[in-house]
Structures are given as structure tokens and as C-alpha cells.
file work30.txt (compact mmCIF, C-alpha atoms)
# COMPACT_ATOMS: atom_id res chain seq x y z
CA MET A 209 50.89 146.49 199.36
CA THR A 210 48.91 147.86 196.49
CA ALA A 211 50.78 145.52 194.10
CA ILE A 212 49.91 142.51 196.27
CA ARG A 213 46.21 143.50 196.29
CA ARG A 214 46.21 143.88 192.51
CA ILE A 215 47.84 140.46 192.03
CA LEU A 216 45.39 138.81 194.46
CA SER A 217 42.44 140.52 192.75
CA LEU A 218 43.69 139.35 189.35
CA ILE A 219 44.08 135.77 190.59
CA VAL A 220 40.58 135.76 192.14
CA LEU A 221 39.02 137.18 188.96
CA THR A 222 40.86 134.67 186.74
CA VAL A 223 39.78 131.71 188.90
CA SER A 224 36.19 133.05 188.92
CA VAL A 225 36.10 133.28 185.11
CA ILE A 226 37.50 129.74 184.70
CA VAL A 227 35.07 128.24 187.25
CA GLY A 228 32.15 130.24 185.84
CA ALA A 229 32.85 129.07 182.29
CA SER A 230 32.89 125.43 183.35
CA VAL A 231 29.42 125.57 184.96
CA PRO A 232 26.67 124.63 182.46
CA ALA A 233 24.13 127.23 181.48
CA TRP A 234 20.87 127.04 183.38
CA ALA A 235 18.78 128.80 180.76
CA THR A 236 15.74 126.95 179.44
CA PHE A 237 13.41 127.60 176.54
CA ARG A 238 9.88 127.59 177.88
CA ASP A 239 7.85 129.10 175.04
CA LEU A 240 6.73 126.57 172.41
CA VAL A 241 5.87 128.24 169.14
CA THR A 242 4.12 126.35 166.37
CA ILE A 243 4.57 127.75 162.88
CA ALA A 244 2.38 126.60 160.00
CA THR A 245 4.43 125.96 156.91
CA THR A 246 3.26 125.42 153.40
CA VAL A 247 5.35 124.18 150.54
CA PRO A 248 4.07 125.41 147.20
CA THR A 249 4.09 122.92 144.37
CA ALA A 250 4.79 123.90 140.83
CA THR A 251 2.41 122.86 138.13
CA VAL A 252 2.76 123.03 134.39
CA ALA A 253 -0.17 124.33 132.38
CA PRO A 254 -0.84 122.99 128.90
CA PRO A 255 -1.13 125.39 125.98
CA ALA A 256 -4.64 126.76 125.51
CA ASN A 257 -6.77 127.40 122.43
CA VAL A 258 -5.17 124.66 120.32
CA SER A 259 -6.52 125.11 116.80
CA SER A 260 -6.30 123.32 113.48
CA ALA A 261 -8.06 126.14 111.58
CA GLY A 262 -6.80 126.40 108.02
CA SER A 263 -5.77 122.73 107.86
CA TRP A 264 -7.13 120.55 105.07
CA CYS A 265 -6.76 116.96 103.94
CA ASN A 266 -6.64 115.46 100.45
CA ASN A 267 -5.79 111.92 99.31
CA GLY A 268 -4.58 110.87 102.76
CA VAL A 269 -2.21 113.82 103.19
CA LEU A 270 -2.88 116.43 105.85
CA SER A 271 -1.79 119.99 105.13
CA ALA A 272 -1.56 121.22 108.69
CA ASN A 273 -1.85 124.68 110.18
CA PHE A 274 -1.76 124.27 113.97
CA SER A 275 -1.64 127.10 116.47
CA TRP A 276 -2.06 127.59 120.23
CA SER A 277 -1.84 130.12 123.03
CA PRO A 278 1.33 129.86 125.13
CA SER A 279 1.44 128.16 128.51
CA PRO A 280 1.57 130.62 131.42
CA SER A 281 3.92 128.31 133.34
CA ARG A 282 7.43 129.39 134.34
CA GLY A 283 10.40 127.81 132.63
CA VAL A 284 8.74 126.83 129.36
CA SER A 285 11.43 125.64 126.95
CA GLY A 286 9.21 124.73 124.01
CA TYR A 287 6.25 122.77 122.67
CA SER A 288 5.78 119.35 121.05
CA VAL A 289 2.95 118.69 118.60
CA ARG A 290 1.61 115.13 118.11
CA THR A 291 -0.95 113.80 115.66
CA TYR A 292 -3.31 110.96 116.56
CA LEU A 293 -4.73 108.58 113.97
CA ALA A 294 -7.99 106.67 113.89
CA ASP A 295 -6.27 103.48 115.10
CA GLY A 296 -5.10 105.24 118.27
CA SER A 297 -1.44 105.52 117.28
CA SER A 298 0.36 108.84 117.54
CA THR A 299 3.29 110.42 115.80
CA ALA A 300 5.46 113.41 116.62
CA PHE A 301 4.62 116.19 114.18
CA ALA A 302 6.85 119.08 115.26
CA GLU A 303 8.79 120.64 118.12
CA THR A 304 9.13 124.37 118.66
CA ASP A 305 10.94 126.73 120.96
CA ALA A 306 9.19 128.66 123.73
CA ALA A 307 8.49 131.68 121.49
CA THR A 308 6.78 129.76 118.64
CA PHE A 309 3.04 129.11 118.88
CA ALA A 310 2.22 127.71 115.43
CA VAL A 311 3.44 125.06 113.01
CA THR A 312 2.60 124.22 109.43
CA GLY A 313 3.52 121.19 107.40
CA ILE A 314 2.49 118.19 105.38
CA TYR A 315 1.65 114.98 107.21
CA PRO A 316 0.87 111.64 105.54
CA SER A 317 -1.79 109.72 107.46
CA ARG A 318 -0.06 106.34 106.84
CA GLY A 319 -3.02 104.82 105.05
CA GLN A 320 -5.46 105.70 107.83
CA SER A 321 -8.87 106.93 106.84
CA ALA A 322 -8.50 110.00 109.02
CA THR A 323 -6.09 111.95 111.16
CA VAL A 324 -8.29 112.26 114.21
CA ALA A 325 -6.68 114.83 116.49
CA ILE A 326 -3.61 116.72 117.60
CA THR A 327 -2.19 117.66 120.99
CA VAL A 328 0.38 120.25 121.97
CA THR A 329 2.62 119.51 124.96
CA THR A 330 4.34 122.17 127.06
CA ARG A 331 7.98 121.29 127.80
CA THR A 332 9.90 122.99 130.63
CA ILE A 333 13.56 123.55 131.43
CA TYR A 334 13.21 121.34 134.51
CA GLY A 335 11.84 118.36 132.56
CA TRP A 336 8.13 118.60 133.37
CA THR A 337 5.52 118.41 130.62
CA LYS A 338 1.79 118.86 130.23
CA GLU A 339 -0.23 117.76 127.21
CA SER A 340 -3.26 119.67 125.97
CA ALA A 341 -6.61 118.04 125.32
CA GLN A 342 -7.00 116.54 121.87
CA THR A 343 -8.20 118.91 119.15
CA GLN A 344 -10.02 117.52 116.13
CA VAL A 345 -8.55 118.08 112.67
CA PRO A 346 -10.17 117.82 109.21
CA PRO A 347 -10.70 114.18 108.16
CA CYS A 348 -8.66 112.73 105.31
call {"tool": "encode", "arguments": {"input": "work30.txt", "output": "C-alpha cells"}}
result
Amino acid sequence: MTAIRRILSLIVLTVSVIVGASVPAWATFRDLVTIATTVPTATVAPPANVSSAGSWCNNGVLSANFSWSPSPSRGVSGYSVRTYLADGSSTAFAETDAATFAVTGIYPSRGQSATVAITVTTRTIYGWTKESAQTQVPPC
């Protein structure tokens, strides 16, 4: 008799589990929570303190000594220096790595009466750039 009771109890429990699993859950979510999210945006800072101190010009040739303070931005891969002429055209002067903050060299002004200014552009590993304001250089 005990064996019959055990078998009947096992059958009833098994049927209860199967029927219980097939009934959908009646739980509901009543609390609505609003969370403010902000997505930070990365910006690239240009180099600061761009200087042409020590540069001089003679017979249309600029002897350049350009320096700058590094950009505080993350992921800086290097810097590009451009010269701007009186007619508004610009020419690449030099490119440096992220650890170099000065360049020197000779630059012909292509017959222009003056090399007007230079800029230094921060380059990053993710392809973003930021150009500094123009800095005046000695006239040719």
C-alpha cells in the first residue's frame, strides 16, 4: 500500500509541475524608473603657445624655428605644420611624431613678398585633427 501511495504521489507531483510550467507568469513590472544618461563627446585640442621665435627671413627664404606646447588630448599621434603665404595659399612644412614639439628648416616663399603665418595641427590615432590659430612669422 505504501508503494501505491508513493507512485500516486509521484504522478500527482509530476502532473502538477507540467501544468504549472505551462501557465504563464502573472508577474508585472509596476515601477517605472527614468535614468538620465549622458554620452561624453571627445574633443581634440590644438597645440598651444605656437611660436616662430628665432625664425628669420632673407631674400625670400625663411629659416624657420617653430615650436609649440603639446595638445592635452588623448590619442595624439603627431603634429603637422603648415605655412601660409600672403596670397592665402598654404604648404605643408613638416610632420612630427607625438613626442616632438619643434621643427626647424628652410622654406622658400615661392616668390611671395612674405610668409604670413604658420599653424600646427594636432593629429590623433582615431583620425581627428585640430588646427591651431595662425601665428605670425618674420616677413621675407
call {"tool": "atom_distance", "arguments": {"input": "work30.txt", "atom1": "atom CA of Tyr315 of chain A", "atom2": "atom CA of Thr332 of chain A"}}
result
26.1 Å
call {"tool": "closest_residue", "arguments": {"input": "work30.txt", "among": "A:Val258, A:Cys265, A:Ser224, A:Pro347", "to": "Ala294 of chain A", "atoms": "all atoms listed in the file"}}
result
A:Pro347
call {"tool": "atom_distance", "arguments": {"input": "work30.txt", "atom1": "atom CA of Ser285 of chain A", "atom2": "atom CA of Asn273 of chain A"}}
result
21.4 Å
call {"tool": "residues_near_point", "arguments": {"input": "work30.txt", "point": "(-4.8, 121.5, 115.1)", "cutoff": "9 Å", "atoms": "only C-alpha atoms", "output": "list in words"}}
result
Val258, Ser259, Ser260, Ala261, Gly262, Ser263, Ala272, Asn273, Phe274, Ser275, Trp276, Val289, Thr291, Ala325, Ile326, Thr327, Val328, Gln342, Thr343, Gln344, Val345 and Pro346 of chain A
call {"tool": "residues_around", "arguments": {"input": "work30.txt", "residues": "Asp305 of chain A", "least_positions_apart": "2", "cutoff": "10 Å", "atoms": "all atoms listed in the file", "output": "JSON, numbers by chain"}}
result
{"A": [284, 285, 286, 287, 288, 303, 307, 308, 309, 331]}
call {"tool": "closest_residue", "arguments": {"input": "work30.txt", "among": "A:Leu240, A:Leu221, A:Val324, A:Thr330", "to": "Gly296 of chain A", "atoms": "only C-alpha atoms"}}
result
A:Val324
call {"tool": "closest_residue", "arguments": {"input": "work30.txt", "among": "A:Leu293, A:Leu270, A:Thr304, A:Tyr334", "to": "Ala250 of chain A", "atoms": "only C-alpha atoms"}}
result
A:Tyr334
